[in-house]
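A.B. asks: I am sharing query.cif, which consists of mmCIF, C-alpha atoms:
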```
data_data
#
loop_
_atom_site.label_atom_id
_atom_site.label_comp_id
_atom_site.auth_asym_id
_atom_site.auth_seq_id
_atom_site.Cartn_x
_atom_site.Cartn_y
_atom_site.Cartn_z
CA MET A 27 -26.63 1.82 0.01
CA ASP A 28 -29.26 2.02 2.72
CA GLU A 29 -31.03 5.18 3.85
CA PHE A 30 -28.39 6.11 6.39
CA GLU A 31 -25.53 5.68 3.93
CA THR A 32 -27.39 7.68 1.29
CA ALA A 33 -27.94 10.54 3.73
CA LEU A 34 -24.34 10.37 4.90
CA ALA A 35 -23.05 10.36 1.34
CA ALA A 36 -25.18 13.42 0.58
CA SER A 37 -23.73 15.28 3.55
CA LEU A 38 -20.10 14.52 2.70
CA PRO A 39 -19.44 17.51 0.41
CA ARG A 40 -20.49 19.91 3.18
CA LEU A 41 -18.54 17.95 5.75
CA ARG A 42 -15.51 18.17 3.54
CA ARG A 43 -15.93 21.92 3.21
CA PHE A 44 -16.14 22.18 7.00
CA ALA A 45 -12.97 20.07 7.19
CA HIS A 46 -11.25 22.62 4.98
CA GLY A 47 -12.23 25.26 7.49
CA LEU A 48 -10.64 23.28 10.32
CA ALA A 49 -7.64 21.50 8.85
CA ARG A 50 -4.33 23.12 8.01
CA ASP A 51 -4.23 21.96 4.39
CA PRO A 52 -6.43 20.19 1.83
CA ALA A 53 -4.77 16.78 2.33
CA ASP A 54 -5.49 16.91 6.06
CA ALA A 55 -9.02 18.06 5.29
CA ASP A 56 -9.64 15.02 3.07
CA ASP A 57 -8.23 12.71 5.74
CA LEU A 58 -10.46 14.29 8.34
CA THR A 59 -13.47 13.85 6.05
CA GLN A 60 -12.77 10.16 5.55
CA GLN A 61 -12.15 9.58 9.25
CA THR A 62 -15.41 11.32 10.07
CA ALA A 63 -17.34 9.23 7.56
CA GLU A 64 -15.79 6.04 8.95
CA ARG A 65 -16.61 7.07 12.49
CA ALA A 66 -20.18 7.94 11.49
CA LEU A 67 -20.65 4.56 9.78
CA LYS A 68 -19.31 2.77 12.82
CA ALA A 69 -21.42 4.77 15.25
CA ARG A 70 -24.55 4.87 13.11
CA ASP A 71 -26.62 3.29 15.89
CA GLN A 72 -25.97 6.39 18.00
CA TRP A 73 -27.61 8.70 15.50
CA GLN A 74 -31.26 9.30 16.31
CA PRO A 75 -33.43 9.32 13.19
CA GLY A 76 -35.38 12.55 13.00
CA THR A 77 -32.48 14.60 14.33
CA SER A 78 -30.11 16.42 12.02
CA LEU A 79 -27.57 14.10 10.46
CA ALA A 80 -25.56 17.16 9.42
CA ALA A 81 -25.27 18.46 13.00
CA TRP A 82 -24.36 14.98 14.24
CA THR A 83 -21.63 14.51 11.66
CA TYR A 84 -20.30 18.06 12.13
CA ARG A 85 -19.96 17.22 15.82
CA ILE A 86 -18.11 13.98 15.06
CA MET A 87 -15.74 15.85 12.78
CA ARG A 88 -15.16 18.63 15.26
CA ASN A 89 -14.40 16.14 18.05
CA LEU A 90 -12.01 14.19 15.85
CA TRP A 91 -10.28 17.41 14.93
CA ILE A 92 -9.98 18.44 18.58
CA ASP A 93 -8.68 14.98 19.53
CA THR A 94 -6.03 14.90 16.85
CA GLY A 95 -5.16 18.56 17.26
CA ARG A 96 -4.23 18.77 20.91
CA SER A 97 -0.59 18.41 20.02
CA ARG A 98 -0.89 20.83 17.12
CA GLN A 99 1.58 23.64 17.34
CA ARG A 100 0.14 27.07 16.96
CA ARG A 101 2.07 29.14 14.50
CA ASP A 102 2.69 32.85 14.28
CA ALA A 103 -0.41 34.94 14.38
CA VAL A 104 0.71 36.93 11.37
CA LEU A 105 1.12 35.67 7.83
CA ALA A 106 4.55 36.11 6.34
CA PRO A 107 4.52 38.66 3.48
CA GLU A 108 5.58 36.06 0.90
CA GLU A 109 2.57 33.96 1.87
CA ALA A 110 0.27 36.94 1.63
CA GLY A 111 1.53 37.46 -1.90
CA ALA A 112 1.23 33.78 -2.85
CA THR A 113 -1.77 34.31 -5.10
CA ILE A 114 -0.25 37.06 -7.19
CA GLY A 115 0.45 36.01 -10.74
CA ALA A 116 -1.51 32.75 -10.55
CA ALA A 117 -4.41 32.19 -12.92
CA GLY A 118 -7.66 30.27 -13.23
CA GLU A 119 -8.06 27.10 -11.21
CA ALA A 120 -4.54 27.33 -9.83
CA GLU A 121 -5.39 30.77 -8.55
CA SER A 122 -8.53 29.63 -6.75
CA ARG A 123 -6.63 26.70 -5.24
CA ALA A 124 -3.92 29.05 -4.06
CA GLU A 125 -6.57 31.34 -2.58
CA LEU A 126 -8.16 28.39 -0.73
CA HIS A 127 -4.73 27.38 0.58
CA PHE A 128 -4.02 30.91 1.64
CA LEU A 129 -7.31 31.27 3.52
CA MET A 130 -6.76 27.87 5.18
CA ARG A 131 -3.38 29.02 6.41
CA ALA A 132 -4.95 32.18 7.75
CA MET A 133 -7.58 30.09 9.57
CA ASP A 134 -4.80 27.87 10.89
CA ARG A 135 -3.41 30.85 12.78
CA LEU A 136 -6.57 31.34 14.77
CA PRO A 137 -6.96 29.73 18.18
CA ASP A 138 -9.00 26.51 17.87
CA GLU A 139 -12.13 27.88 19.51
CA GLN A 140 -12.20 30.88 17.18
CA ARG A 141 -11.46 28.77 14.14
CA GLU A 142 -14.33 26.33 14.74
CA ALA A 143 -16.75 29.19 15.34
CA VAL A 144 -15.70 30.94 12.12
CA ALA A 145 -15.80 27.67 10.14
CA LEU A 146 -19.32 26.82 11.29
CA VAL A 147 -20.84 30.26 10.85
CA MET A 148 -18.91 32.00 8.10
CA ILE A 149 -17.99 28.98 5.95
CA GLU A 150 -20.80 26.54 6.68
CA GLY A 151 -23.45 29.20 7.16
CA LEU A 152 -24.88 27.89 10.42
CA ALA A 153 -27.01 30.22 12.52
CA TYR A 154 -25.37 31.42 15.73
CA ALA A 155 -27.80 29.34 17.80
CA GLU A 156 -27.04 26.19 15.79
CA ALA A 157 -23.29 26.69 16.08
CA ALA A 158 -23.52 27.41 19.82
CA ALA A 159 -25.60 24.25 20.37
CA LEU A 160 -23.18 22.17 18.34
CA LEU A 161 -20.17 23.47 20.25
CA GLU A 162 -22.09 23.32 23.53
CA VAL A 163 -21.28 26.90 24.51
CA PRO A 164 -23.58 29.82 25.38
CA ILE A 165 -24.48 31.97 22.40
CA GLY A 166 -22.59 34.94 23.88
CA THR A 167 -19.41 32.87 24.00
CA LEU A 168 -19.92 31.76 20.42
CA THR A 169 -20.49 35.35 19.30
CA SER A 170 -17.39 36.73 20.99
CA ARG A 171 -15.17 33.94 19.57
CA LEU A 172 -16.64 34.57 16.16
CA VAL A 173 -16.01 38.29 16.35
CA ARG A 174 -12.46 37.93 17.63
CA GLY A 175 -11.75 35.41 14.91
CA ARG A 176 -13.15 37.68 12.22
CA GLN A 177 -11.13 40.63 13.53
CA ALA A 178 -7.94 38.55 13.46
CA LEU A 179 -8.69 37.40 9.91
CA ALA A 180 -9.31 40.96 8.80
CA ALA A 181 -5.91 41.95 10.16
CA MET A 182 -4.15 38.96 8.57
CA LEU A 183 -5.79 39.45 5.19
CA GLY A 184 -4.88 43.12 5.14
CA GLU A 185 -8.51 44.17 5.09
CA MET B 9 -23.08 50.40 17.45
CA ASP B 10 -20.29 47.88 17.94
CA GLU B 11 -18.48 45.50 15.61
CA THR B 12 -20.31 42.47 17.03
CA ARG B 13 -23.61 43.93 15.94
CA ILE B 14 -22.32 44.77 12.50
CA ILE B 15 -21.03 41.26 11.99
CA ALA B 16 -24.33 39.82 13.23
CA TRP B 17 -26.08 42.05 10.70
CA ILE B 18 -23.88 40.73 7.88
CA ASP B 19 -24.49 37.17 9.06
CA GLY B 20 -28.26 37.72 8.89
CA GLU B 21 -28.72 37.19 12.61
CA LEU B 22 -30.75 40.33 13.34
CA SER B 23 -34.49 40.84 13.34
CA SER B 24 -35.77 43.27 10.73
CA GLU B 25 -36.08 46.09 13.29
CA GLU B 26 -32.53 45.54 14.54
CA ALA B 27 -31.26 45.29 10.99
CA ALA B 28 -32.94 48.58 10.10
CA GLU B 29 -31.21 50.23 13.06
CA VAL B 30 -27.78 48.99 11.98
CA GLU B 31 -28.46 49.98 8.40
CA ALA B 32 -29.32 53.50 9.46
CA ALA B 33 -26.25 53.77 11.69
CA VAL B 34 -23.97 52.49 8.92
CA ALA B 35 -25.49 54.91 6.41
CA ALA B 36 -24.81 57.78 8.76
CA ASP B 37 -21.23 56.88 9.64
CA PRO B 38 -18.47 56.33 7.01
CA GLY B 39 -16.30 54.59 9.64
CA LEU B 40 -19.04 52.05 10.35
CA ALA B 41 -19.69 51.69 6.62
CA ALA B 42 -16.02 50.84 6.04
CA LEU B 43 -16.10 48.32 8.87
CA ALA B 44 -19.23 46.68 7.45
CA ASP B 45 -17.68 46.58 3.97
CA ARG B 46 -14.54 44.97 5.29
CA HIS B 47 -16.43 42.14 7.00
CA ARG B 48 -18.66 41.69 3.99
CA ARG B 49 -15.59 41.36 1.75
CA ILE B 50 -14.03 38.74 4.02
CA ARG B 51 -17.21 36.72 4.09
CA ALA B 52 -17.50 36.90 0.30
CA ARG B 53 -13.86 35.94 -0.11
CA PHE B 54 -14.29 32.81 2.02
CA ALA B 55 -17.48 31.90 0.19
CA ALA B 56 -15.73 32.22 -3.17
CA ALA B 57 -12.85 29.99 -2.07
CA PHE B 58 -14.77 27.35 -0.08
CA THR B 59 -18.09 26.95 -1.93
CA PRO B 60 -16.57 25.30 -5.05
CA LEU B 61 -15.48 22.44 -2.76
CA LEU B 62 -19.13 21.34 -2.73
CA ASP B 63 -18.85 20.37 -6.41
CA ASP B 64 -16.15 17.75 -5.84
CA PRO B 65 -17.39 14.18 -5.54
CA VAL B 66 -16.66 12.65 -2.13
CA PRO B 67 -16.94 8.85 -1.95
CA LEU B 68 -18.05 7.01 1.17
CA PRO B 69 -15.04 5.25 2.65
CA LYS B 70 -14.52 1.62 1.72
CA ARG B 71 -15.32 -0.68 4.57
CA LYS B 72 -12.32 -2.30 6.21
CA PRO B 73 -11.92 -6.13 6.14
CA ALA B 74 -14.98 -7.93 7.41
CA ARG B 75 -15.57 -8.35 11.09
CA ILE B 76 -15.44 -11.92 12.28
CA VAL B 77 -18.47 -12.97 14.23
CA SER B 78 -20.25 -16.19 14.88
CA LEU B 79 -23.93 -16.48 14.13
CA ALA B 80 -24.46 -17.69 17.68
CA ALA B 81 -22.74 -14.61 19.04
CA VAL B 82 -24.84 -12.34 16.86
CA ARG B 83 -28.04 -13.95 18.09
CA GLU B 84 -26.89 -13.68 21.64
CA GLU B 85 -25.96 -10.03 21.20
CA ARG B 86 -29.30 -9.27 19.66
CA ALA B 87 -31.08 -11.08 22.47
CA GLN B 88 -29.42 -9.25 25.29
CA ALA B 89 -27.86 -6.18 23.66
CA ALA B 90 -25.68 -5.75 26.73
CA PRO B 91 -22.00 -4.89 26.42
CA LYS B 92 -19.76 -7.84 27.08
CA PRO B 93 -17.10 -7.54 29.75
CA ALA B 94 -14.50 -9.45 27.77
CA PRO B 95 -12.96 -8.13 24.54
CA ARG B 96 -15.00 -9.16 21.53
CA TRP B 97 -12.43 -11.59 20.12
CA ARG B 98 -12.67 -13.81 23.19
CA SER B 99 -16.19 -14.85 22.32
CA TRP B 100 -15.07 -16.44 19.09
CA ALA B 101 -11.56 -17.39 20.08
CA TRP B 102 -12.92 -19.77 22.71
CA PRO B 103 -12.37 -23.14 21.04
CA GLY B 104 -15.47 -24.93 22.38
CA ALA B 105 -17.78 -22.15 21.38
CA VAL B 106 -16.24 -21.95 17.96
CA ALA B 107 -16.45 -25.65 17.29
CA ALA B 108 -20.15 -25.48 18.05
CA SER B 109 -20.93 -22.41 16.04
CA LEU B 110 -20.69 -21.57 12.40
CA LEU B 111 -18.24 -18.84 11.64
CA VAL B 112 -19.03 -16.43 8.91
CA GLY B 113 -17.57 -13.15 7.89
CA VAL B 114 -20.22 -10.51 7.70
CA LEU B 115 -19.99 -9.27 4.17
CA VAL B 116 -20.39 -5.57 4.27
CA GLU B 117 -19.59 -4.02 0.92
CA HIS B 118 -21.05 -0.57 0.91
CA HIS B 119 -21.78 -0.12 -2.70
CA ASN B 120 -23.50 -3.44 -3.14
CA GLY B 121 -25.43 -3.44 0.09
CA PRO B 122 -25.08 -6.12 2.71
CA ALA B 123 -24.91 -9.66 1.37
CA GLY B 124 -27.46 -12.05 2.81
CA VAL B 125 -26.50 -15.34 4.35
CA SER B 126 -29.34 -17.79 4.72
CA ASP B 127 -29.67 -20.16 7.63
CA ARG B 128 -30.75 -23.14 5.53
CA VAL B 129 -28.75 -26.34 5.47
CA GLY B 130 -26.65 -26.32 2.32
CA ALA B 131 -26.91 -22.57 1.92
CA LEU B 132 -23.21 -22.28 2.50
CA ALA B 133 -22.18 -24.96 0.02
CA LEU B 134 -19.43 -23.71 -2.24
CA SER B 135 -19.63 -23.24 -5.97
CA ALA B 136 -18.24 -25.96 -8.23
CA PRO B 137 -14.98 -24.24 -9.26
CA ILE B 138 -14.00 -23.53 -5.67
CA ALA B 139 -15.11 -26.99 -4.51
CA GLN B 140 -13.07 -28.60 -7.31
CA SER B 141 -9.97 -26.71 -6.30
CA LEU B 142 -10.51 -27.69 -2.70
CA ASP B 143 -10.90 -31.31 -3.81
CA ARG B 144 -7.84 -31.51 -6.01
CA GLN B 145 -5.41 -28.67 -5.53
CA ALA B 146 -2.38 -28.89 -3.28
CA SER B 147 -1.75 -26.06 -0.86
CA GLY B 148 0.47 -23.35 -2.27
CA GLU B 149 -0.29 -24.32 -5.86
CA LEU B 150 -1.33 -21.19 -7.72
CA GLY B 151 -4.56 -21.00 -9.66
CA THR B 152 -7.71 -18.90 -9.82
CA VAL B 153 -8.36 -20.43 -6.42
CA ASN B 154 -5.40 -20.60 -4.10
CA VAL B 155 -5.51 -23.04 -1.21
CA ALA B 156 -3.43 -21.86 1.71
CA LEU B 157 -3.49 -24.83 4.03
CA SER B 158 -5.32 -27.97 5.08
CA PHE B 159 -6.11 -29.22 8.55
CA LYS B 160 -8.48 -31.34 10.62
CA ASP B 161 -10.88 -29.44 12.84
CA GLN B 162 -11.86 -30.42 16.35
CA GLY B 163 -14.81 -32.38 15.01
CA GLY B 164 -12.44 -34.48 12.88
CA GLN B 165 -13.50 -32.94 9.56
CA PHE B 166 -10.97 -31.95 6.93
CA CYS B 167 -10.89 -28.20 6.38
CA ARG B 168 -8.97 -25.94 4.03
CA SER B 169 -8.41 -22.22 3.95
CA PHE B 170 -8.47 -20.64 0.53
CA VAL B 171 -8.49 -17.39 -1.39
CA ALA B 172 -10.55 -17.11 -4.59
CA GLN B 173 -11.16 -14.12 -6.88
CA THR B 174 -13.60 -12.23 -4.68
CA ILE B 175 -13.87 -14.21 -1.46
CA GLY B 176 -11.52 -16.02 0.81
CA GLY B 177 -12.19 -18.14 3.82
CA VAL B 178 -12.29 -21.56 5.37
CA ALA B 179 -14.34 -24.53 4.16
CA CYS B 180 -14.75 -28.00 5.63
CA LYS B 181 -15.64 -31.23 3.86
CA ALA B 182 -19.02 -32.52 5.01
CA ALA B 183 -21.28 -35.22 3.63
CA GLY B 184 -22.83 -32.83 1.10
CA GLY B 185 -19.54 -31.36 -0.12
CA TRP B 186 -17.44 -28.39 0.94
CA GLN B 187 -19.23 -26.16 3.43
CA LEU B 188 -18.17 -22.62 4.08
CA ARG B 189 -17.19 -22.00 7.68
CA TYR B 190 -15.84 -18.51 7.29
CA ALA B 191 -15.74 -16.10 4.39
CA ALA B 192 -14.67 -12.55 3.80
CA PRO B 193 -14.44 -10.46 0.66
CA VAL B 194 -10.99 -10.40 -0.89
CA ASP B 195 -9.63 -6.91 -1.04
CA ALA B 196 -8.11 -6.46 -4.48
CA GLN B 197 -5.47 -4.22 -2.98
CA HIS B 198 -4.31 -7.07 -0.81
CA GLY B 199 -3.95 -9.63 -3.56
CA ASP B 200 -0.60 -10.58 -2.08
CA TYR B 201 -2.48 -12.76 0.41
CA ARG B 202 -2.96 -15.10 -2.49
CA MET B 203 0.75 -15.69 -2.46
CA ALA B 204 1.33 -15.47 1.26
CA GLY B 205 -1.01 -18.30 2.21
CA GLY B 206 -4.27 -16.88 3.37
CA ASP B 207 -5.40 -13.57 4.79
CA PRO B 208 -4.81 -12.77 8.48
CA ALA B 209 -8.50 -13.02 9.40
CA SER B 210 -8.76 -16.52 7.94
CA ALA B 211 -5.56 -17.50 9.71
CA LYS B 212 -7.11 -16.43 13.02
CA VAL B 213 -10.19 -18.49 12.32
CA VAL B 214 -8.05 -21.49 11.44
CA ALA B 215 -6.22 -21.10 14.73
CA THR B 216 -9.50 -21.44 16.61
CA MET B 217 -10.68 -24.47 14.63
CA ILE B 218 -7.60 -26.55 14.15
CA ALA B 219 -6.91 -29.79 16.01
CA GLY B 220 -3.18 -30.51 15.99
CA ASP B 221 -1.00 -29.33 13.14
CA PRO B 222 -1.84 -28.50 9.52
CA LEU B 223 -1.45 -31.37 7.07
CA ASP B 224 1.97 -31.70 5.46
CA ALA B 225 2.37 -32.31 1.73
CA ALA B 226 2.25 -36.09 2.13
CA GLY B 227 -0.82 -35.94 4.36
CA GLU B 228 -2.50 -33.66 1.90
CA ARG B 229 -1.78 -35.99 -1.06
CA LYS B 230 -3.28 -38.84 0.92
CA ALA B 231 -6.38 -36.81 1.77
CA ILE B 232 -6.81 -35.73 -1.87
CA ALA B 233 -6.56 -39.34 -3.00
CA ALA B 234 -9.12 -40.40 -0.41
CA GLY B 235 -11.55 -37.60 -1.37
CA TRP B 236 -11.07 -35.84 1.98
CA ARG B 237 -12.93 -38.51 3.92
#
```
Render the structure in this file as structure tokens.
C.D. replies:
Amino acid sequence: MDEFETALAASLPRLRRFAHGLARDPADADDLTQQTAERALKARDQWQPGTSLAAWTYRIMRNLWIDTGRSRQRRDAVLAPEEAGATIGAAGEAESRAELHFLMRAMDRLPDEQREAVALVMIEGLAYAEAAALLEVPIGTLTSRLVRGRQALAAMLGE
Amino acid sequence: MDETRIIAWIDGELSSEEAAEVEAAVAADPGLAALADRHRRIRARFAAAFTPLLDDPVPLPKRKPARIVSLAAVREERAQAAPKPAPRWRSWAWPGAVAASLLVGVLVEHHNGPAGVSDRVGALALSAPIAQSLDRQASGELGTVNVALSFKDQGGQFCRSFVAQTIGGVACKAAGGWQLRYAAPVDAQHGDYRMAGGDPASAKVVATMIAGDPLDAAGERKAIAAGWR
């Protein structure tokens, strides 16, 4: 592996986590991760050394997700009670998987622009300024999407 | 004190003075404290569910079948790095250009690093086992090397497409032996090409090189007997 591939490989776990914040289920998230890695390898000449490879690959992933998601159907804004109770009674690893699934479904009910803001800031831990630059929106726009998304999640999760 | 500011505080976005302000306001107001707690719990809940994902190994994707390029086209591209108006395949599908240039598959296997192809005469000579199969084996006969078909190229040389254990491609008989004209790694998952008579990329290359029709069984026996001369 050359330097670029090594750096890309090192960024894949975080990319995959971001994918789980965007995609509707873990299988889609893994597909999105692989597609992003393929796209990054193909477009490697467009990456400028010295700039953040993470930001560049996040942007590729986000654009792929937007492109493939235009036809996505938005579902009800409220989780069904049986889904909300899906984690009850599970144990150990199965429980944490169920919790991940559950939170992904909650994220899936957010409008796209709120979901990407929440995924970048709350899941990936980007600073507001970084997330705003990546999404190419003013920081005020980013902040209001983030807050609306967090409020919706709080309502869905019964917090 | 609004919710936006409380969330920004939890996200660590405030300066220390601003943070102190929020902290004081939250301490003084149970409603604000409950709101702050709620957002802190959500953040912690997401962290607990999503952070373990970082421990899973994620492999780089396997590269798709090798691109077909000609060395001449690569040099030209490097020289003028300008996008070509015609689709890429036209540059190698043009028979004259192909006859004049040496076709190689760019071997790009991620985990092994790019394979080097030297420009020296004889550098593309094939190993003895493959050369022997090309010398003696009839097309369609199964072995460790599987020859798909035989033909004469536009320069009048005998050529054969083949699939071996790890590479497949097209070789032509020259004075020094069998010379590789095109090669690509064999994808183990597509081992059925060994049965089907060559992989699609090789078949495309053959289509650009061939003069007339492939040899039939009788023609092939004759060529084998005559040492492909």
A.B. asks: I need the chain B residues near chain A as a list of chain:residue names; criterion: at most 8 Å, counting all atoms listed in the file.
C.D. replies: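 Contact residues on the first chain: B:Glu11, B:Thr12, B:Ile15, B:Asp19, B:Glu21, B:Arg46, B:His47, B:Ile50, B:Arg51, B:Phe54, B:Ala55, B:Ala57, B:Phe58, B:Thr59, B:Leu61, B:Leu62, B:Asp63, B:Asp64, B:Pro65, B:Val66, B:Pro67, B:Leu68, B:Pro69, B:His118, B:His119, B:Asn120, B:Gly121.
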A.B. asks: Please identify all polymer residues within 10 Å of Leu48 of chain A, counting only C-alpha atoms, omitting same-chain residues fewer than 5 positions from it, and present them as an NGL selection string.
C.D. replies: :A and (42-43 or 54-55 or 58 or 87-88 or 91-92 or 130 or 133-134 or 138 or 141-146)
A.B. asks: Which residues are close to segment 135-146 of chain B, i.e. within 10 Å by only C-alpha atoms, leaving aside same-chain residues fewer than 4 positions away? Reply as a JSON list (two decimals) with C-alpha atoms, keeping the file's coordinate frame.
C.D. replies:
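Heads up, here's the output in around_24.json:
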```
[["chain", "number", "residue", "atom", "x", "y", "z"],
["B", 150, "LEU", "CA", -1.33, -21.19, -7.72],
["B", 151, "GLY", "CA", -4.56, -21.00, -9.66],
["B", 152, "THR", "CA", -7.71, -18.90, -9.82],
["B", 153, "VAL", "CA", -8.36, -20.43, -6.42],
["B", 154, "ASN", "CA", -5.40, -20.60, -4.10],
["B", 155, "VAL", "CA", -5.51, -23.04, -1.21],
["B", 156, "ALA", "CA", -3.43, -21.86, 1.71],
["B", 157, "LEU", "CA", -3.49, -24.83, 4.03],
["B", 158, "SER", "CA", -5.32, -27.97, 5.08],
["B", 167, "CYS", "CA", -10.89, -28.20, 6.38],
["B", 168, "ARG", "CA", -8.97, -25.94, 4.03],
["B", 169, "SER", "CA", -8.41, -22.22, 3.95],
["B", 170, "PHE", "CA", -8.47, -20.64, 0.53],
["B", 171, "VAL", "CA", -8.49, -17.39, -1.39],
["B", 172, "ALA", "CA", -10.55, -17.11, -4.59],
["B", 173, "GLN", "CA", -11.16, -14.12, -6.88],
["B", 179, "ALA", "CA", -14.34, -24.53, 4.16],
["B", 180, "CYS", "CA", -14.75, -28.00, 5.63],
["B", 181, "LYS", "CA", -15.64, -31.23, 3.86],
["B", 185, "GLY", "CA", -19.54, -31.36, -0.12],
["B", 186, "TRP", "CA", -17.44, -28.39, 0.94],
["B", 187, "GLN", "CA", -19.23, -26.16, 3.43],
["B", 225, "ALA", "CA", 2.37, -32.31, 1.73],
["B", 228, "GLU", "CA", -2.50, -33.66, 1.90],
["B", 229, "ARG", "CA", -1.78, -35.99, -1.06],
["B", 231, "ALA", "CA", -6.38, -36.81, 1.77],
["B", 232, "ILE", "CA", -6.81, -35.73, -1.87],
["B", 233, "ALA", "CA", -6.56, -39.34, -3.00],
["B", 234, "ALA", "CA", -9.12, -40.40, -0.41],
["B", 235, "GLY", "CA", -11.55, -37.60, -1.37],
["B", 236, "TRP", "CA", -11.07, -35.84, 1.98]]
```
A.B. asks: Between A:Leu168, A:Ala178, A:Ala53, A:Ala157, which is the closest to Tyr84 of chain A once you count all atoms listed in the file?
C.D. replies: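 Of all the options, A:Ala157 lies closest to Tyr84 of chain A.
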A.B. asks: If you measure from atom CA of Ala41 of chain B to atom CA of Met9 of chain B, what distance in Å do you get, rounded to one decimal?
C.D. replies: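 Atom-to-atom, atom CA of Ala41 of chain B and atom CA of Met9 of chain B are spaced 11.4 Å apart.
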A.B. asks: Which one of A:Ala45, A:Leu90, A:Ala132, A:Ala159 sits closest to Gly175 of chain A if you count all atoms listed in the file?
C.D. replies: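 Counting all atoms listed in the file, the residue closest to Gly175 of chain A is A:Ala132.
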A.B. asks: Could you jot down the atom CA of Thr83 of chain A to atom CA of Ala66 of chain A separation for me, Å, one decimal place?
C.D. replies: 6.7 Å
A.B. asks: For atom CA of Glu26 of chain B and atom CA of Ala52 of chain B, determine how far apart the two atoms are, in Å to one decimal place.
C.D. replies: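 So the answer is 22.4 Å.
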A.B. asks: For each of A:Arg171, A:Ala120, A:Trp82, A:Val163, take the minimum atom-to-atom distance to Glu139 of chain A, counting all atoms listed in the file, then give the residue where this is smallest.
C.D. replies: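 The shortest atom-to-atom distance to Glu139 of chain A comes from A:Arg171.
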A.B. asks: Pick the closest to Ala183 of chain B from B:Arg13, B:Arg237, B:Arg53, B:Lys70: which is it, counting only C-alpha atoms?
C.D. replies: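 That would be B:Arg237, the residue with the smallest distance to Ala183 of chain B.
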